[in-house]
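So this block is target_4.txt, compact mmCIF, C-alpha atoms and all ligand atoms:
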```
# COMPACT_ATOMS: atom_id res chain seq x y z
CA MET G 1 10.46 3.31 4.83
CA LEU G 2 6.93 4.18 3.75
CA GLY G 3 6.29 7.27 1.70
CA GLU G 4 4.04 9.87 3.23
CA LEU G 5 1.12 9.02 0.95
CA ALA G 6 1.58 5.30 1.44
CA ALA G 7 1.61 5.75 5.21
CA GLU G 8 -1.71 7.59 4.91
CA GLY G 9 -3.18 4.65 3.01
CA VAL G 10 -3.74 6.57 -0.23
CA ALA G 11 -0.85 5.23 -2.28
CA CYS G 12 0.65 1.86 -3.07
CA VAL G 13 3.47 1.04 -0.68
CA MET G 14 5.45 -0.62 -3.46
CA CYS G 15 5.08 1.57 -6.54
CA GLY G 16 3.74 4.73 -4.91
CA GLY G 17 0.80 4.95 -7.29
CA ALA G 18 -2.34 6.67 -6.04
CA LEU G 19 -5.07 4.17 -5.17
CA LEU G 20 -8.09 6.41 -4.63
CA LEU G 21 -9.28 5.99 -8.20
CA SER G 22 -9.09 2.22 -8.17
CA PRO G 23 -10.39 0.95 -4.82
CA ILE G 24 -11.13 -2.53 -6.12
CA ALA G 25 -7.55 -2.98 -7.32
CA GLN G 26 -5.89 -2.54 -3.95
CA VAL G 27 -5.31 -4.81 -0.98
CA VAL G 28 -4.40 -4.04 2.62
CA VAL G 29 -0.87 -5.22 3.27
CA GLY G 30 -0.32 -3.93 6.77
CA VAL G 31 -0.52 -0.94 9.10
CA ALA G 32 1.84 2.01 9.02
CA ALA G 33 3.71 2.20 12.33
CA SER G 34 4.01 5.97 12.02
CA THR G 35 0.35 6.78 11.42
CA GLY G 36 -1.67 3.71 12.38
CA HIS G 37 -3.39 3.82 9.00
CA PRO G 38 -3.82 0.64 7.00
CA VAL G 39 -1.50 0.63 4.03
CA TYR G 40 -2.26 -0.74 0.60
CA ALA G 41 -0.61 -2.19 -2.45
CA CYS G 42 -1.82 -2.89 -5.97
CA ARG G 43 -3.62 -6.20 -5.86
CA SER G 44 -2.30 -7.38 -9.19
CA ASN G 45 1.42 -7.44 -8.57
CA CYS G 46 2.70 -5.14 -5.84
CA ALA G 47 0.91 -7.07 -3.09
CA GLU G 48 2.85 -10.16 -4.09
CA LEU G 49 6.08 -8.21 -3.84
CA VAL G 50 5.15 -7.10 -0.33
CA ALA G 51 4.44 -10.70 0.65
CA ASP G 52 7.81 -11.77 -0.70
CA ASP G 53 9.50 -9.01 1.27
CA GLU G 54 8.11 -10.40 4.52
ZN ZN G 101 1.66 -0.70 -6.75
```

I'd like the structure from this file rewritten - as structure tokens, please.
Amino acid sequence: MLGELAAEGVACVMCGGALLLSPIAQVVVGVAASTGHPVYACRSNCAELVADDE
């Protein structure tokens, strides 16, 4: 279900926004099964959505 960029850990898994420019605003939310990379979400709101989804 992860987008390609999200699975590479360079984009938010929820909103798909690029995270490279804002490293302090992201949080690891898991590991992509397809790539083994950690995946991230925006710390402010998307991470909470991920938590709710699990
Ligand atoms: Zn996001």

Report task. Could you tell me how far CA of Leu2 in chain G lies from CA of Glu48 in chain G, in Å and to one decimal? Result ->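 Separating CA of Leu2 in chain G from CA of Glu48 in chain G is a distance of 16.8 Å.
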
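The spacing separating CA of Ala33 in chain G from CA of Ala47 in chain G amounts to 18.2 Å.
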
Report task. Collect all residues with atoms no farther than 10 Å from ligand ZN 101 (chain G), counting all atoms listed in the file, and output them as a PyMOL selection string. Result -> chain G and resi 11-19+25-27+40-50

Report task. Please provide as a list in words all residues within 10 Å of Thr35 in chain G, with the sequence filter that same-chain residues fewer than 5 positions apart are discarded (counting all atoms listed in the file). Result -> Glu4, Ala7, Glu8 and Gly9 of chain G

Those residues you just picked out, can you put them in a file as a compact mmCIF listing (two decimals), in the coordinates of the input with C-alpha atoms?
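Final file, again-v3.txt:
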```
# COMPACT_ATOMS: atom_id res chain seq x y z
CA GLU G 4 4.04 9.87 3.23
CA ALA G 7 1.61 5.75 5.21
CA GLU G 8 -1.71 7.59 4.91
CA GLY G 9 -3.18 4.65 3.01
```

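Of the residues listed (G:Val39, G:Ser34, G:Val29, G:Ile24), G:Val39 shows the shortest atom-to-atom separation from Ala6 in chain G; distances use only C-alpha atoms.
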